[in-house]
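*Asks:* What follows is final30.txt, compact mmCIF, C-alpha atoms.
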# COMPACT_ATOMS: atom_id res chain seq x y z
CA MET B 1 91.68 238.45 -137.35
CA MET B 2 90.11 235.08 -137.84
CA SER B 3 91.88 232.42 -139.94
CA ASP B 4 90.12 230.96 -142.95
CA GLN B 5 90.17 227.42 -141.58
CA TRP B 6 86.38 227.47 -141.10
CA LEU B 7 85.98 228.29 -144.81
CA GLU B 8 88.23 225.43 -145.85
CA GLU B 9 86.12 222.95 -143.91
CA ILE B 10 83.25 223.58 -146.31
CA GLN B 11 82.80 221.16 -149.18
CA TRP B 12 82.66 223.61 -152.08
CA THR B 13 81.34 222.50 -155.46
CA GLN B 14 83.71 222.24 -158.41
CA GLU B 15 82.68 225.82 -159.24
CA GLY B 16 83.67 226.89 -155.71
CA LEU B 17 80.10 227.42 -154.52
CA VAL B 18 77.88 226.25 -151.69
CA PRO B 19 74.07 226.41 -151.51
CA ALA B 20 72.72 228.77 -148.85
CA ILE B 21 69.29 228.88 -147.22
CA ALA B 22 68.11 232.09 -145.52
CA GLN B 23 65.63 231.63 -142.69
CA ASP B 24 63.97 234.43 -140.74
CA ALA B 25 65.27 233.88 -137.22
CA ALA B 26 62.15 235.29 -135.60
CA SER B 27 59.32 233.75 -137.65
CA GLY B 28 61.16 230.62 -138.80
CA ARG B 29 60.05 231.33 -142.35
CA VAL B 30 62.44 230.13 -145.07
CA VAL B 31 62.67 233.25 -147.22
CA MET B 32 65.16 232.44 -149.97
CA PHE B 33 67.79 230.15 -151.41
CA ALA B 34 70.94 231.27 -153.21
CA TRP B 35 74.58 230.34 -153.77
CA MET B 36 77.72 231.57 -152.08
CA ASN B 37 81.41 231.47 -152.91
CA ARG B 38 84.23 231.89 -150.40
CA GLU B 39 84.26 235.65 -150.75
CA SER B 40 80.53 236.02 -150.17
CA LEU B 41 80.57 233.80 -147.10
CA ARG B 42 83.62 235.61 -145.70
CA LYS B 43 81.96 238.97 -146.29
CA THR B 44 78.73 237.71 -144.73
CA ARG B 45 80.61 236.90 -141.54
CA GLU B 46 82.70 240.06 -141.55
CA THR B 47 79.86 242.49 -142.21
CA GLY B 48 77.00 240.65 -140.53
CA GLU B 49 74.92 241.07 -143.70
CA ALA B 50 74.15 238.33 -146.21
CA HIS B 51 76.26 238.28 -149.37
CA TYR B 52 75.68 235.75 -152.13
CA TRP B 53 77.18 234.85 -155.48
CA SER B 54 74.92 235.71 -158.40
CA ARG B 55 75.41 232.92 -160.91
CA SER B 56 73.36 234.72 -163.57
CA ARG B 57 75.37 237.94 -163.25
CA GLY B 58 78.63 236.24 -162.33
CA LYS B 59 79.35 238.60 -159.44
CA LEU B 60 79.26 239.11 -155.72
CA TRP B 61 75.81 240.16 -154.60
CA HIS B 62 75.18 242.07 -151.40
CA LYS B 63 71.54 241.16 -150.81
CA GLY B 64 69.50 244.36 -150.61
CA GLU B 65 72.11 246.51 -152.38
CA GLU B 66 69.39 247.81 -154.73
CA SER B 67 66.18 247.20 -152.80
CA GLY B 68 67.44 248.09 -149.34
CA HIS B 69 66.13 244.71 -148.21
CA VAL B 70 69.35 243.63 -146.55
CA GLN B 71 69.57 240.56 -144.33
CA LYS B 72 71.17 240.97 -140.92
CA VAL B 73 72.76 237.63 -140.07
CA SER B 74 72.40 236.26 -136.55
CA SER B 75 73.71 232.74 -137.14
CA ILE B 76 75.61 230.72 -139.74
CA ARG B 77 75.20 226.95 -139.68
CA ILE B 78 76.42 224.10 -141.88
CA ASP B 79 74.98 220.65 -142.33
CA CYS B 80 76.45 217.25 -141.54
CA ASP B 81 78.20 216.99 -144.92
CA ALA B 82 79.47 220.58 -144.64
CA ASP B 83 78.08 221.30 -148.10
CA VAL B 84 75.04 223.47 -147.32
CA VAL B 85 74.85 226.74 -145.34
CA LEU B 86 71.86 227.87 -143.27
CA LEU B 87 71.66 231.54 -142.31
CA GLY B 88 69.50 232.83 -139.48
CA ILE B 89 68.55 236.35 -140.56
CA GLU B 90 66.54 239.44 -139.76
CA GLN B 91 64.96 240.63 -143.01
CA ALA B 92 64.92 244.41 -143.54
CA GLY B 93 61.52 245.58 -144.74
CA GLY B 94 60.10 242.12 -144.12
CA ILE B 95 60.55 241.45 -147.85
CA ALA B 96 63.09 238.97 -149.22
CA CYS B 97 61.61 238.31 -152.65
CA HIS B 98 62.05 240.51 -155.72
CA THR B 99 58.29 240.10 -156.30
CA GLY B 100 57.67 242.15 -153.14
CA ARG B 101 56.72 239.20 -150.96
CA GLU B 102 58.08 238.14 -147.58
CA SER B 103 59.47 234.89 -148.98
CA CYS B 104 60.44 233.58 -152.39
CA PHE B 105 58.51 230.41 -151.49
CA TYR B 106 55.05 231.83 -152.05
CA ARG B 107 53.63 229.13 -154.35
CA GLU B 108 52.24 225.88 -153.02
CA LEU B 109 51.16 222.75 -154.86
CA ALA B 110 47.38 222.25 -154.64
CA ASP B 111 44.74 220.82 -156.96
CA GLY B 112 47.37 219.90 -159.51
CA GLY B 113 49.00 223.30 -159.84
CA TRP B 114 51.13 225.92 -158.14
CA ILE B 115 48.94 228.37 -156.24
CA ASN B 116 50.03 231.81 -155.01
CA LYS B 117 49.56 231.75 -151.25
CA ASP B 118 51.24 234.96 -150.10
CA ALA B 119 50.38 238.60 -150.62
CA VAL B 120 52.60 241.12 -152.37
CA LEU B 121 53.59 243.51 -149.57
CA LYS B 122 55.11 246.15 -151.83
CA ASP B 123 54.92 246.78 -155.55
CA PRO B 124 58.29 245.81 -157.13
CA ARG B 125 58.15 249.07 -159.12
CA GLU B 126 58.32 250.87 -155.79
CA ILE B 127 61.22 248.67 -154.64
CA TYR B 128 63.44 248.92 -157.74
CA LYS B 129 63.21 252.51 -158.90
CA MET U 1 45.05 211.28 -162.08
CA MET U 2 46.98 214.51 -162.07
CA SER U 3 48.82 215.66 -165.20
CA ASP U 4 52.56 216.36 -164.99
CA GLN U 5 52.20 220.00 -165.95
CA TRP U 6 53.18 221.10 -162.43
CA LEU U 7 56.44 219.12 -162.79
CA GLU U 8 57.22 220.73 -166.13
CA GLU U 9 56.96 224.20 -164.60
CA ILE U 10 60.01 223.47 -162.49
CA GLN U 11 63.36 224.72 -163.76
CA TRP U 12 65.38 221.52 -163.56
CA THR U 13 69.17 221.64 -163.71
CA GLN U 14 70.95 220.19 -166.74
CA GLU U 15 71.17 216.94 -164.74
CA GLY U 16 67.39 217.00 -164.27
CA LEU U 17 67.55 217.87 -160.57
CA VAL U 18 66.16 220.50 -158.24
CA PRO U 19 67.41 221.40 -154.73
CA ALA U 20 64.94 220.58 -151.94
CA ILE U 21 64.78 221.94 -148.40
CA ALA U 22 62.90 219.99 -145.71
CA GLN U 23 61.42 222.05 -142.89
CA ASP U 24 59.62 220.66 -139.86
CA ALA U 25 56.12 222.10 -140.26
CA ALA U 26 55.49 222.22 -136.51
CA SER U 27 58.77 223.58 -135.13
CA GLY U 28 59.92 225.51 -138.21
CA ARG U 29 63.32 223.86 -137.95
CA VAL U 30 65.14 223.34 -141.26
CA VAL U 31 66.18 219.70 -140.92
CA MET U 32 67.88 218.79 -144.18
CA PHE U 33 68.75 219.65 -147.76
CA ALA U 34 68.87 217.20 -150.65
CA TRP U 35 68.23 216.91 -154.38
CA MET U 36 65.21 215.63 -156.27
CA ASN U 37 64.60 214.47 -159.82
CA ARG U 38 61.19 214.30 -161.49
CA GLU U 39 60.52 210.80 -160.25
CA SER U 40 61.33 211.62 -156.63
CA LEU U 41 59.14 214.71 -156.63
CA ARG U 42 56.29 212.84 -158.29
CA LYS U 43 56.57 210.03 -155.75
CA THR U 44 56.72 212.54 -152.91
CA ARG U 45 53.38 213.95 -153.99
CA GLU U 46 51.80 210.58 -154.72
CA THR U 47 52.86 208.87 -151.49
CA GLY U 48 52.91 211.85 -149.14
CA GLU U 49 56.41 210.87 -148.02
CA ALA U 50 59.63 212.60 -149.02
CA HIS U 51 61.66 210.97 -151.79
CA TYR U 52 64.97 212.37 -152.95
CA TRP U 53 67.62 211.59 -155.53
CA SER U 54 70.85 210.32 -154.01
CA ARG U 55 73.62 211.79 -156.15
CA SER U 56 76.31 209.72 -154.40
CA ARG U 57 74.44 206.44 -154.92
CA GLY U 58 72.80 207.47 -158.21
CA LYS U 59 69.38 206.23 -157.19
CA LEU U 60 65.97 207.17 -155.91
CA TRP U 61 66.01 207.49 -152.14
CA HIS U 62 62.92 207.10 -150.00
CA LYS U 63 64.01 209.05 -146.93
CA GLY U 64 63.78 206.75 -143.90
CA GLU U 65 63.84 203.53 -145.92
CA GLU U 66 66.63 202.20 -143.70
CA SER U 67 66.28 204.26 -140.52
CA GLY U 68 62.49 204.41 -140.36
CA HIS U 69 62.83 208.20 -140.12
CA VAL U 70 60.41 208.94 -142.92
CA GLN U 71 59.13 212.44 -143.61
CA LYS U 72 55.39 212.91 -143.94
CA VAL U 73 54.87 215.81 -146.33
CA SER U 74 52.23 218.41 -145.53
CA SER U 75 53.14 221.02 -148.14
CA ILE U 76 55.24 221.41 -151.29
CA ARG U 77 56.31 224.91 -152.28
CA ILE U 78 58.52 226.34 -155.00
CA ASP U 79 60.34 229.64 -155.10
CA CYS U 80 59.93 232.61 -157.43
CA ASP U 81 62.35 231.17 -160.01
CA ALA U 82 60.72 227.73 -159.75
CA ASP U 83 64.13 226.19 -159.22
CA VAL U 84 64.05 225.31 -155.51
CA VAL U 85 61.54 223.14 -153.61
CA LEU U 86 60.54 223.63 -149.96
CA LEU U 87 58.82 220.74 -148.19
CA GLY U 88 56.80 221.15 -145.01
CA ILE U 89 57.24 217.85 -143.19
CA GLU U 90 56.50 215.89 -140.05
CA GLN U 91 59.69 214.02 -139.11
CA ALA U 92 59.21 210.45 -137.87
CA GLY U 93 61.25 209.84 -134.74
CA GLY U 94 62.14 213.53 -134.57
CA ILE U 95 65.44 212.66 -136.24
CA ALA U 96 66.34 213.74 -139.78
CA CYS U 97 70.14 213.46 -139.65
CA HIS U 98 72.12 210.26 -140.07
CA THR U 99 74.17 211.37 -137.05
CA GLY U 100 71.08 210.84 -134.89
CA ARG U 101 70.25 214.51 -134.51
CA GLU U 102 66.98 216.34 -135.17
CA SER U 103 68.52 218.40 -137.97
CA CYS U 104 71.53 218.09 -140.25
CA PHE U 105 72.27 221.75 -139.44
CA TYR U 106 73.71 221.15 -135.99
CA ARG U 107 76.98 223.09 -136.35
CA GLU U 108 77.17 226.84 -135.92
CA LEU U 109 80.00 229.25 -136.61
CA ALA U 110 81.37 230.75 -133.37
CA ASP U 111 84.80 231.86 -132.18
CA GLY U 112 86.31 231.08 -135.56
CA GLY U 113 85.11 227.50 -135.86
CA TRP U 114 82.12 225.23 -136.33
CA ILE U 115 80.64 224.27 -132.97
CA ASN U 116 78.27 221.36 -132.36
CA LYS U 117 75.12 222.88 -130.93
CA ASP U 118 72.63 220.01 -130.93
CA ALA U 119 72.53 216.78 -128.99
CA VAL U 120 72.57 213.31 -130.53
CA LEU U 121 69.11 211.95 -129.76
CA LYS U 122 69.86 208.39 -130.77
CA ASP U 123 73.10 206.51 -131.42
CA PRO U 124 73.47 205.95 -135.19
CA ARG U 125 74.47 202.33 -134.44
CA GLU U 126 70.97 201.90 -133.00
CA ILE U 127 69.41 203.53 -136.08
CA TYR U 128 71.26 201.65 -138.84
CA LYS U 129 71.49 198.05 -137.66
Please express what this file holds, its structure, as structure tokens.

*Replies:*
Amino acid sequence: MMSDQWLEEIQWTQEGLVPAIAQDAASGRVVMFAWMNRESLRKTRETGEAHYWSRSRGKLWHKGEESGHVQKVSSIRIDCDADVVLLGIEQAGGIACHTGRESCFYRELADGGWINKDAVLKDPREIYK
Amino acid sequence: MMSDQWLEEIQWTQEGLVPAIAQDAASGRVVMFAWMNRESLRKTRETGEAHYWSRSRGKLWHKGEESGHVQKVSSIRIDCDADVVLLGIEQAGGIACHTGRESCFYRELADGGWINKDAVLKDPREIYK
């Protein structure tokens, strides 16, 4: 069993959270951003699947628990200040976003507004039944 | 002149900030994470170079102002909740981190600890003279 020293080296916020970026390890696409607490990061390492902390629901969130779009984690990195986590992941279904798109970052600034750039791969009504 | 409507669509925190991820547009490497306020995001668009908000110094921060390692911005995206920004950038000098590395995310979890994975490309004493 691994000690929790690696968790203590992280600079948690006052709320006990750390921002986490999920990047598709194969395509390099940044697919989502969320928050983690100690428990979610520990579970991410133990299970090999991304767990986050849902601030809106105030609970541990196993990504894909409803949609099936789990994230298999191949690497866990931290930044120079040890206050941001970067996950290398393999995205089940190729869909990370609840809108049915590959990535949550599907809007790009152009001509003075945010333009949808990415296709919906699956109707959300088919994802969340 | 562009209206600020696109800025108002962003879900700013209570402190008026939004998290920003900088990704090298060519290599796909996530190189850093920082925060932006309205002014820094507006300046980023206007100048084509990344500006952030330094929470520790409490001031606008033109990335590279001291080191010369500016970030030329090729795209600005937001996520589905409009509360995270993703910049596609070209990194001057190929160094984003103040430690002299390409990316701030140079440590990876392995064997129970955080392991340095990336080389220092330039001595920080040569960067910040």

*Asks:* Would you mind listing what lies within 9 Å of stretch 39-45 of chain B as a compact mmCIF listing (two decimals) with C-alpha atoms, in the coordinates of the input, with all atoms listed in the file counted and same-chain residues fewer than 2 positions away left out?

*Replies:*
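Output below, filename around-v3.txt:
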# COMPACT_ATOMS: atom_id res chain seq x y z
CA ASP B 4 90.12 230.96 -142.95
CA LEU B 7 85.98 228.29 -144.81
CA TRP B 35 74.58 230.34 -153.77
CA MET B 36 77.72 231.57 -152.08
CA ASN B 37 81.41 231.47 -152.91
CA THR B 47 79.86 242.49 -142.21
CA GLY B 48 77.00 240.65 -140.53
CA GLU B 49 74.92 241.07 -143.70
CA ALA B 50 74.15 238.33 -146.21
CA HIS B 51 76.26 238.28 -149.37
CA TYR B 52 75.68 235.75 -152.13
CA TRP B 53 77.18 234.85 -155.48
CA LEU B 60 79.26 239.11 -155.72
CA TRP B 61 75.81 240.16 -154.60
CA HIS B 62 75.18 242.07 -151.40
CA VAL B 73 72.76 237.63 -140.07
CA ILE B 76 75.61 230.72 -139.74

*Asks:* Expressed in Å to a single decimal, how great is the separation between atom CA of B:Trp6 and atom CA of U:Gly113?

*Replies:*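 Computing it gives 5.4 Å between the two atoms.
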
*Asks:* Select residues of chain B: the criterion is any atom within 7 Å of an atom of chain U, counting all atoms listed in the file; output as a ChimeraX atom specification.

*Replies:* /B:2,6,28,75-80,104-109,112-114

*Asks:* Would you compute the distance between atom CA of U:Ile127 and atom CA of U:Gln91? Give it in Å to one decimal.

*Replies:*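 Taking atom CA of U:Ile127 as the start and atom CA of U:Gln91 as the end point, the length is 14.6 Å.
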
*Asks:* What's the separation between atom CA of U:Leu17 and atom CA of U:Ser56, in Å to one decimal place?

*Replies:*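 Taking atom CA of U:Leu17 and atom CA of U:Ser56, their separation equals 13.5 Å.
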
*Asks:* Show me, as a PDB file with C-alpha atoms, keeping the file's coordinate frame, the residues that have an atom within 7 Å of B:Ala92 when counting all atoms listed in the file, minus same-chain residues fewer than 2 positions from it.

*Replies:*
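And here's around_1.pdb as it stands now:
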ATOM      1  CA  HIS B  69      66.130 244.710-148.210  1.00  0.00           C
ATOM      2  CA  VAL B  70      69.350 243.630-146.550  1.00  0.00           C
ATOM      3  CA  GLN B  71      69.570 240.560-144.330  1.00  0.00           C
ATOM      4  CA  GLU B  90      66.540 239.440-139.760  1.00  0.00           C
ATOM      5  CA  GLY B  94      60.100 242.120-144.120  1.00  0.00           C
ATOM      6  CA  ILE B  95      60.550 241.450-147.850  1.00  0.00           C
TER       7      ILE B  95
END
